[in-house]
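What follows is a set of notes on a single structure, which appears directly below.
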Amino acid sequence: MRDWTGSVAFVTGGARGIGLGIARALARRGVGLALADVDEPALHASAEELSGVTAVRTYRLDVRDRDGFAAAADDAEEELGPVDLLFNNAGIVPHSTVDELSYAKWDLALAVNLTGVVNGVQTFLPRMLERRAGCIVNTASGAGLVSDPSLLYATAKFAVVGLSESLRLNVAGRGVDVSVLCPGPVDTGIVANTRRSHAEVGLSEEYVPAVEEFLRGGPSVDEVGEMVLAGVEAGQTWIFTGDEIRPHLEKRAAALLDAFRSAP
Ligand SMILES: NC(=O)c1ccc[n+]([C@@H]2O[C@H](COP(=O)([O-])OP(=O)(O)OC[C@H]3O[C@@H](n4cnc5c(N)ncnc54)[C@H](O)[C@@H]3O)[C@@H](O)[C@H]2O)c1
């Protein structure tokens with residue numbers, strides 16, 4: 001069993017949803033928490049909930065803001081101690097039909113869902129390597145392993161999986177672990193949150209009820225928080241939250257191997 005005592009975690013998108021589920025699971029183990037999010041009222045509510053359980057600091061941080069990331073990291077380490085657990089989890093679920101794609105939409109989707117992860121890695125990895133101690137968990141998605149028609153989302157999430165797998169290889173033996181969280185549906189408000197914060201890539205109203213119902217069929221954020229920490233304890237490369245993508249993954253693997261076999 002990992003000894004979590006004295007650890008400090010930096011969780012992006014930590015004010016709500018999966019990030020908050022992870023934060024709660026960490027708090028139960030006495031881990032100090034730096035919660036970063038763009039949503040200040042939600043951050044305050046989370047801090048109020050968790051500060052009775054563990055030490056908590058909050059940062060109003062947009063993961064696209066590199067200077068803000070560095071400043072939050074400095075402050076968190078000064079206030080709480082060295083950050084040895086990084087959860088690059090903040091994200092949105094951007095949508096566009098192919099006919100309505102634009103550079104602005106691509107830039108937004110990739111900046112939040114991919115560059116946000118890069119910024120977290122670039123902020124904390126050098127510190128972790130220097131101390132030869134750390135664990136990074138990047139939140140991708142099942143949609144980062146099997147394609148679906150959500151083009152903007154799939155592009156970023158496949159990249160987060162690739163980044164995480166490659167980073168894991170690069171830091172092997174240097175005291176830093178890397179995992180990638182690939183959730184199936186999880187019961188969060190991500191659809192409504194994205195529609196509110198980035199209406200230009202929000203899911204069209206007509207599709208909202210079906211997608212939200214699909215997400216409600218998944219585990220709670222608290223269940224996911226525990227799954228994530230179990231995955232960290234086990235040193236897993238990929239952390240899953242259910243079986244939903246297994247048949248799609250099997251199909252993809254079979255199709256890839258078929259293509260390989262039929263290559264000249
Ligand atoms: N809910 C699901 O079914 C599901 C499935 C697969 C993957 N995911 C991924 O899990 C992660 C968390 O999603 P969630 O479902 O908990 O959503 P959520 O909307 O409940 O929480 C996401 C949090 O990230 C914050 N955030 C958004 N953009 C940000 C930015 N630029 N900088 C800082 N914070 C920002 C939001 O304010 C919010 O508090 C995302 O990366 C998402 O893609 C979710």
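Each chain in the structure tokens gets a letter, A, B and so on, in the order shown; residues start at 1 in every chain, and ligands are counted from 1 in the order they appear.
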- Query: Counting only C-alpha atoms and all ligand atoms, which protein, DNA or RNA residues come within 7 Å of ligand 1, given as number ranges by chain?
  - Reply: A: 12-19, 36-39, 61-64, 89-93, 112-113, 139-142, 182-191, 193-194, 215
Would you export the selected residues with N, CA and C atoms as a CSV table (one decimal), in the first residue's frame, please?
```csv
chain,number,residue,atom,x,y,z
A,12,THR,N,-6.1,20.0,-11.4
A,12,THR,CA,-6.8,21.0,-12.2
A,12,THR,C,-8.2,20.5,-12.5
A,13,GLY,N,-9.1,21.5,-12.7
A,13,GLY,CA,-10.5,21.1,-12.8
A,13,GLY,C,-11.0,20.5,-11.4
A,14,GLY,N,-10.4,21.0,-10.4
A,14,GLY,CA,-10.6,20.3,-9.0
A,14,GLY,C,-11.8,20.8,-8.3
A,15,ALA,N,-12.5,21.8,-8.9
A,15,ALA,CA,-13.7,22.4,-8.2
A,15,ALA,C,-14.9,21.5,-8.3
A,16,ARG,N,-15.0,20.7,-9.4
A,16,ARG,CA,-16.2,20.0,-9.6
A,16,ARG,C,-15.9,18.6,-10.3
A,17,GLY,N,-16.9,17.8,-10.4
A,17,GLY,CA,-16.8,16.6,-11.3
A,17,GLY,C,-15.7,15.7,-10.8
A,18,ILE,N,-15.1,15.1,-11.8
A,18,ILE,CA,-14.1,14.0,-11.5
A,18,ILE,C,-12.9,14.6,-10.7
A,19,GLY,N,-12.6,15.8,-11.0
A,19,GLY,CA,-11.5,16.5,-10.2
A,19,GLY,C,-11.8,16.5,-8.7
A,36,ALA,N,-7.2,23.7,-8.5
A,36,ALA,CA,-7.1,24.8,-9.5
A,36,ALA,C,-8.3,24.7,-10.5
A,37,ASP,N,-8.9,25.8,-10.8
A,37,ASP,CA,-10.1,25.8,-11.7
A,37,ASP,C,-10.4,27.2,-12.1
A,38,VAL,N,-11.2,27.3,-13.2
A,38,VAL,CA,-11.6,28.6,-13.7
A,38,VAL,C,-12.8,29.1,-12.9
A,39,ASP,N,-13.5,28.2,-12.3
A,39,ASP,CA,-14.8,28.5,-11.6
A,39,ASP,C,-14.6,28.8,-10.1
A,61,LEU,N,-7.3,29.4,-11.8
A,61,LEU,CA,-6.3,29.1,-12.9
A,61,LEU,C,-7.0,28.6,-14.1
A,62,ASP,N,-6.7,29.2,-15.2
A,62,ASP,CA,-7.1,28.7,-16.5
A,62,ASP,C,-5.8,27.9,-17.0
A,63,VAL,N,-6.0,26.6,-17.3
A,63,VAL,CA,-4.9,25.7,-17.6
A,63,VAL,C,-4.2,26.2,-18.9
A,64,ARG,N,-4.8,27.1,-19.6
A,64,ARG,CA,-4.1,27.6,-20.8
A,64,ARG,C,-3.0,28.7,-20.4
A,89,ASN,N,-6.5,17.3,-15.1
A,89,ASN,CA,-7.8,16.8,-15.2
A,89,ASN,C,-8.8,17.8,-15.9
A,90,ALA,N,-8.5,19.1,-15.8
A,90,ALA,CA,-9.5,20.1,-16.3
A,90,ALA,C,-9.8,19.8,-17.8
A,91,GLY,N,-11.0,19.9,-18.2
A,91,GLY,CA,-11.4,19.7,-19.6
A,91,GLY,C,-12.8,20.1,-19.9
A,92,ILE,N,-13.1,20.2,-21.2
A,92,ILE,CA,-14.4,20.5,-21.7
A,92,ILE,C,-14.8,19.5,-22.7
A,93,VAL,N,-16.0,19.5,-23.1
A,93,VAL,CA,-16.4,18.5,-24.1
A,93,VAL,C,-16.9,19.3,-25.3
A,112,VAL,N,-7.5,23.9,-24.4
A,112,VAL,CA,-7.9,23.4,-23.0
A,112,VAL,C,-7.6,22.0,-22.8
A,113,ASN,N,-8.0,21.1,-23.8
A,113,ASN,CA,-7.9,19.7,-23.5
A,113,ASN,C,-6.5,19.0,-23.7
A,139,THR,N,-6.0,13.2,-17.3
A,139,THR,CA,-7.3,12.7,-17.7
A,139,THR,C,-7.5,12.8,-19.2
A,140,ALA,N,-7.6,11.6,-19.8
A,140,ALA,CA,-8.0,11.6,-21.2
A,140,ALA,C,-9.5,11.2,-21.3
A,141,SER,N,-9.7,10.1,-21.9
A,141,SER,CA,-11.1,9.6,-22.0
A,141,SER,C,-11.1,8.3,-22.7
A,142,GLY,N,-12.2,7.5,-22.6
A,142,GLY,CA,-12.3,6.3,-23.5
A,142,GLY,C,-12.2,6.8,-25.0
A,182,CYS,N,-8.7,7.0,-18.4
A,182,CYS,CA,-9.6,6.9,-19.6
A,182,CYS,C,-11.0,6.6,-19.2
A,183,PRO,N,-11.7,7.6,-18.6
A,183,PRO,CA,-13.1,7.3,-18.2
A,183,PRO,C,-14.0,6.9,-19.3
A,184,GLY,N,-15.0,6.0,-19.0
A,184,GLY,CA,-16.2,5.9,-19.8
A,184,GLY,C,-17.1,7.0,-19.3
A,185,PRO,N,-18.4,6.9,-19.4
A,185,PRO,CA,-19.3,7.9,-18.9
A,185,PRO,C,-19.2,8.0,-17.4
A,186,VAL,N,-19.2,9.3,-16.9
A,186,VAL,CA,-19.2,9.5,-15.5
A,186,VAL,C,-20.2,10.6,-15.3
A,187,ASP,N,-20.9,10.4,-14.2
A,187,ASP,CA,-22.1,11.3,-13.9
A,187,ASP,C,-21.6,12.7,-13.4
A,188,THR,N,-21.3,13.6,-14.4
A,188,THR,CA,-20.9,15.0,-14.1
A,188,THR,C,-21.7,15.9,-14.9
A,189,GLY,N,-21.5,17.2,-14.7
A,189,GLY,CA,-22.2,18.2,-15.4
A,189,GLY,C,-21.4,18.8,-16.6
A,190,ILE,N,-20.5,18.0,-17.2
A,190,ILE,CA,-19.6,18.5,-18.2
A,190,ILE,C,-20.3,19.1,-19.4
A,191,VAL,N,-21.4,18.5,-19.8
A,191,VAL,CA,-22.1,19.0,-21.0
A,191,VAL,C,-22.6,20.4,-20.7
A,193,ASN,N,-21.7,22.4,-18.3
A,193,ASN,CA,-20.6,23.3,-18.0
A,193,ASN,C,-20.0,23.8,-19.2
A,194,THR,N,-19.8,23.0,-20.2
A,194,THR,CA,-19.1,23.4,-21.5
A,194,THR,C,-20.1,24.3,-22.2
A,215,LEU,N,-24.4,9.8,-19.5
A,215,LEU,CA,-23.4,10.1,-18.4
A,215,LEU,C,-23.9,9.7,-17.1
```
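Going from atom CA of A:Tyr153 to atom CA of A:Ser96 covers 9.6 Å.
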- Message: Using DSSP assignments from the backbone, pull out every residue in stretch 88-237 of chain A that falls under helix (DSSP H, G or I) and give it to me as a VMD selection string.
- Response: chain A and resid 98 to 100 103 to 131 142 to 144 151 to 171 190 to 197 199 to 201 205 to 216 221 to 234
Would you pick out the contacts of A:Val118 at 10 Å or less, using only C-alpha atoms, so that residues sharing its chain but fewer than 4 positions from it are not included, and give the list as a CSV table (one decimal) with N, CA and C atoms, in the first residue's frame?
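Printed below is part27.csv as written:
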```csv
chain,number,residue,atom,x,y,z
A,63,VAL,N,-6.0,26.6,-17.3
A,63,VAL,CA,-4.9,25.7,-17.6
A,63,VAL,C,-4.2,26.2,-18.9
A,64,ARG,N,-4.8,27.1,-19.6
A,64,ARG,CA,-4.1,27.6,-20.8
A,64,ARG,C,-3.0,28.7,-20.4
A,66,ARG,N,0.1,29.8,-18.9
A,66,ARG,CA,1.4,29.2,-18.4
A,66,ARG,C,2.0,29.9,-17.2
A,88,ASN,N,-3.7,16.3,-14.0
A,88,ASN,CA,-4.1,17.2,-15.1
A,88,ASN,C,-5.5,16.7,-15.6
A,111,ALA,N,-6.4,23.8,-27.0
A,111,ALA,CA,-5.7,24.6,-25.9
A,111,ALA,C,-6.2,24.1,-24.6
A,112,VAL,N,-7.5,23.9,-24.4
A,112,VAL,CA,-7.9,23.4,-23.0
A,112,VAL,C,-7.6,22.0,-22.8
A,113,ASN,N,-8.0,21.1,-23.8
A,113,ASN,CA,-7.9,19.7,-23.5
A,113,ASN,C,-6.5,19.0,-23.7
A,114,LEU,N,-5.7,19.7,-24.5
A,114,LEU,CA,-4.4,19.1,-24.8
A,114,LEU,C,-3.3,20.0,-24.2
A,122,GLN,N,4.7,20.5,-18.0
A,122,GLN,CA,5.9,21.4,-18.1
A,122,GLN,C,6.1,22.2,-16.9
A,123,THR,N,5.1,22.5,-16.1
A,123,THR,CA,5.2,23.2,-14.9
A,123,THR,C,5.8,22.3,-13.8
A,138,ASN,N,-2.9,12.0,-16.0
A,138,ASN,CA,-3.6,12.9,-17.0
A,138,ASN,C,-5.0,12.3,-17.3
A,160,VAL,N,-3.7,13.1,-25.6
A,160,VAL,CA,-3.3,13.0,-24.2
A,160,VAL,C,-2.9,11.6,-23.9
A,163,LEU,N,0.6,11.3,-25.3
A,163,LEU,CA,1.6,12.1,-24.5
A,163,LEU,C,1.9,11.3,-23.2
A,164,SER,N,0.8,10.7,-22.6
A,164,SER,CA,1.0,10.1,-21.3
A,164,SER,C,1.8,8.8,-21.4
```
- Message: My list of candidates is A:Arg216, A:Gly134, A:Pro94, A:Gly32. Which is closest to A:Ser197 when distances are computed with only C-alpha atoms?
- Response: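 Of A:Arg216, A:Gly134, A:Pro94, A:Gly32, the one nearest A:Ser197 is A:Pro94, counting only C-alpha atoms.
Using only C-alpha atoms, the residues found no farther than 8 Å from A:Leu86, other than those of its own chain fewer than 2 positions away, are A:Ala9, A:Phe10, A:Val11, A:Val83, A:Asp84, A:Asn88, A:Gly120, A:Phe124, A:Gly134, A:Cys135, A:Ile136, A:Val137.
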Keeping C-alpha atoms, export the residues of the selection given above as a PDB file, in the first residue's frame.
```pdb
ATOM      1  CA  ALA A   9      -1.608  17.046  -4.835  1.00  0.00           C
ATOM      2  CA  PHE A  10      -2.289  19.661  -7.494  1.00  0.00           C
ATOM      3  CA  VAL A  11      -5.637  18.981  -9.181  1.00  0.00           C
ATOM      4  CA  VAL A  83       3.772  18.696  -5.028  1.00  0.00           C
ATOM      5  CA  ASP A  84       4.289  14.978  -5.653  1.00  0.00           C
ATOM      6  CA  ASN A  88      -4.099  17.185 -15.134  1.00  0.00           C
ATOM      7  CA  GLY A 120       0.739  21.039 -16.210  1.00  0.00           C
ATOM      8  CA  PHE A 124       5.674  20.254 -12.516  1.00  0.00           C
ATOM      9  CA  GLY A 134       6.194  12.251  -8.313  1.00  0.00           C
ATOM     10  CA  CYS A 135       3.147  10.869  -9.976  1.00  0.00           C
ATOM     11  CA  ILE A 136       1.277  12.439 -12.867  1.00  0.00           C
ATOM     12  CA  VAL A 137      -2.238  11.376 -13.834  1.00  0.00           C
TER      13      VAL A 137
END
```
Just want the 6 Å neighbourhood of stretch 125-133 of chain A, counted on only C-alpha atoms, with same-chain residues fewer than 3 positions away dropped. Output as a PDB file with C-alpha atoms, in the first residue's frame.
```pdb
ATOM      1  CA  VAL A 121       3.469  18.599 -17.203  1.00  0.00           C
ATOM      2  CA  GLN A 122       5.881  21.362 -18.142  1.00  0.00           C
ATOM      3  CA  ARG A 174      13.604   8.388 -12.589  1.00  0.00           C
ATOM      4  CA  GLY A 175      11.182   8.310  -9.673  1.00  0.00           C
ATOM      5  CA  VAL A 176       8.178   9.651 -11.580  1.00  0.00           C
TER       6      VAL A 176
END
```
